[in-house]
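Written below as structure tokens is the structure these notes are about.
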Amino acid sequence: MIKFSSTSRRALLACSLLALGGLVQAQQVFRVTAIPDESPTELARKAGPLMKYLESQLGMKVEFTPVTDYAASVEALVNRKVDMAWFGGFTFVQANSRSGGKILPLVQREEDEKFKSVFITSDPTIKSLADLKGKDVSFGSQSSTSGHLMPRSYLLQAGLAPEKDFRRVAYSGAHDATIAAVAAGKVQAGALNISVWEKFLADKKVDTSKVHVFYTTPPYYDYNWSVHADMPQALRDKLSKAFLALNKNTTEGKEILELQRATRFVPTKPENYKGIEAAAQSAGLL
């Protein structure tokens with residue numbers, strides 16, 4: 001048996017404590033991701049002030065980690081590579097299904113209780129969903145709630161099957177990319193979330209004399225901030241409290257809420273997304 005001198009034992013103990021300290025420090029990083037429903041630049045701009053605020057509320061370093069696609073955001077939270085994710089309603093349903101019911105939605109924007117999608121066009125002959133027959137139409141990402149699932153659901157209700165009735169079905173990957181595709185004439189129409197459309201209008205980034213909304217869907221539940229059920233209840237409570245405390249009457253709250261396109265955050269629950277789950281099953285997407 002190898003014997004260590006008292007000096008060696010002290011050195012080994014010091015190394016062990018340093019290693020343990022490093023491990024504890026490494027675990028004190030709260031990791032956040034989001035579905036890439038807009039450009040990486042816009043996602044980073046929206047995330048910055050919120051991550052800084054969460055750091056002050058949680059008392060630990062908070063890092064925003066972008067992902068390449070919607071599926072990656074689902075896998076990241078399901079496999080606990082991140083601690084929290086910004087999901088659309090459909091990505092939440094996918095993550096919850098994929099994890100065996102282990103994903104919990106904590107909060108959503110007040111706007112997400114009655115979210116909508118819009119169909120836009122640059123073609124003056126398109127005035128209703130029926131006019132999309134024989135046209136090139138773009139959705140966002142295939143896993144997008146407001147850019148694909150719910151628009152498809154309302155198309156099906158109107159008696160239109162995209163792959164059968166459209167000349168071409170395209171997937172732009174993001175809401176802003178759908179606007180660009182319609183504006184450039186690459187497709188005659190596109191579906192996207194109303195929040196991004198209104199942001200483009202407010203920033204005067206779209207010429208409404210050329211591109212306009214011709215159909216707005218009925219409301220449905222959409223986006224939320226979700227965590228894994230294995231997260232300690234105390235941390236979940238801290239997170240919820242931080243989001244619910246955001247207020248437009250403070251400088252910090254106003255900046256964050258405006259970037260998140262939110263009036264305020266409100267509690268949410270899995271049951272709110274049963275309609276999204278049913279729509280996904282009806283459309284053959286789940």
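Naming scheme: A, B, ... for chains in displayed order of the structure tokens; residues 1 onward per chain; ligands 1 onward as shown.
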Tell me which protein, DNA and RNA residues are within 8 Å of stretch 67-69 of chain A, counting only C-alpha atoms, leaving out same-chain ones fewer than 2 positions away, and put them as a PDB file with C-alpha atoms, in the first residue's frame.
```
ATOM      1  CA  THR A  33     -31.857  28.520 -24.935  1.00  0.00           C
ATOM      2  CA  ALA A  34     -34.682  29.439 -27.297  1.00  0.00           C
ATOM      3  CA  ILE A  35     -36.238  28.172 -30.497  1.00  0.00           C
ATOM      4  CA  PRO A  36     -34.544  29.997 -33.407  1.00  0.00           C
ATOM      5  CA  THR A  65     -26.911  29.324 -25.689  1.00  0.00           C
ATOM      6  CA  ALA A  71     -35.382  20.108 -32.729  1.00  0.00           C
ATOM      7  CA  ALA A  72     -32.094  21.041 -31.036  1.00  0.00           C
ATOM      8  CA  SER A  73     -33.912  23.222 -28.495  1.00  0.00           C
TER       9      SER A  73
END
```
Select from stretch 89-175 of chain A every residue with an atom at most 12 Å from any atom of stretch 247-259 of chain A, then for each give the shortest pair of atoms and their distance in Å to one decimal, using only C-alpha atoms, rows by chain and rising number, as a Markdown table.
```
| residue | atom | partner | partner_atom | distance |
| --- | --- | --- | --- | --- |
| A:Gln108 | CA | A:Leu257 | CA | 11.8 |
| A:Arg109 | CA | A:Leu257 | CA | 9.1 |
| A:Glu110 | CA | A:Leu257 | CA | 10.9 |
| A:Glu111 | CA | A:Leu257 | CA | 11.5 |
```
Quick one: distance from atom CA of A:Arg236 to atom CA of A:Pro40 in Å, one decimal? 27.1 Å
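With atom CA of A:Glu113 on one side and atom CA of A:Tyr221 on the other, the separation reads 4.8 Å.
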Within stretch 125-205 of chain A, find each residue whose DSSP state, derived from the backbone, is strand (DSSP E), and express the selection as a count of residues only. 13
So, with only C-alpha atoms as the atoms that count, which of A:Pro105, A:Gly185, A:Gly140, A:Pro267 lies closest to A:Ser122? A:Gly185
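For the residues A:Ala184, A:Met150, A:Val32, A:Leu43, ranking by smallest atom-to-atom distance to A:Met84 using only C-alpha atoms places A:Val32 first.
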Within 10 Å of A:Ala130 using only C-alpha atoms, minus same-chain residues under 6 positions, as a short mmCIF file (atom, residue, chain, number, x, y, z; two decimals) with C-alpha atoms, in the first residue's frame:
```cif
data_model
loop_
_atom_site.label_atom_id
_atom_site.label_comp_id
_atom_site.auth_asym_id
_atom_site.auth_seq_id
_atom_site.Cartn_x
_atom_site.Cartn_y
_atom_site.Cartn_z
CA LEU A 155 -55.99 25.61 -43.72
CA ALA A 158 -60.90 25.49 -44.60
CA GLY A 159 -60.64 22.36 -46.76
CA LEU A 160 -57.13 23.01 -48.06
CA ASP A 165 -53.61 22.11 -53.19
#
```
If we count only C-alpha atoms, what is near A:Phe119 at a cut-off of 9 Å, once residues fewer than 5 positions away on the same chain are taken out, given as a PyMOL selection string? chain A and resi 129+151+189-193+212-217
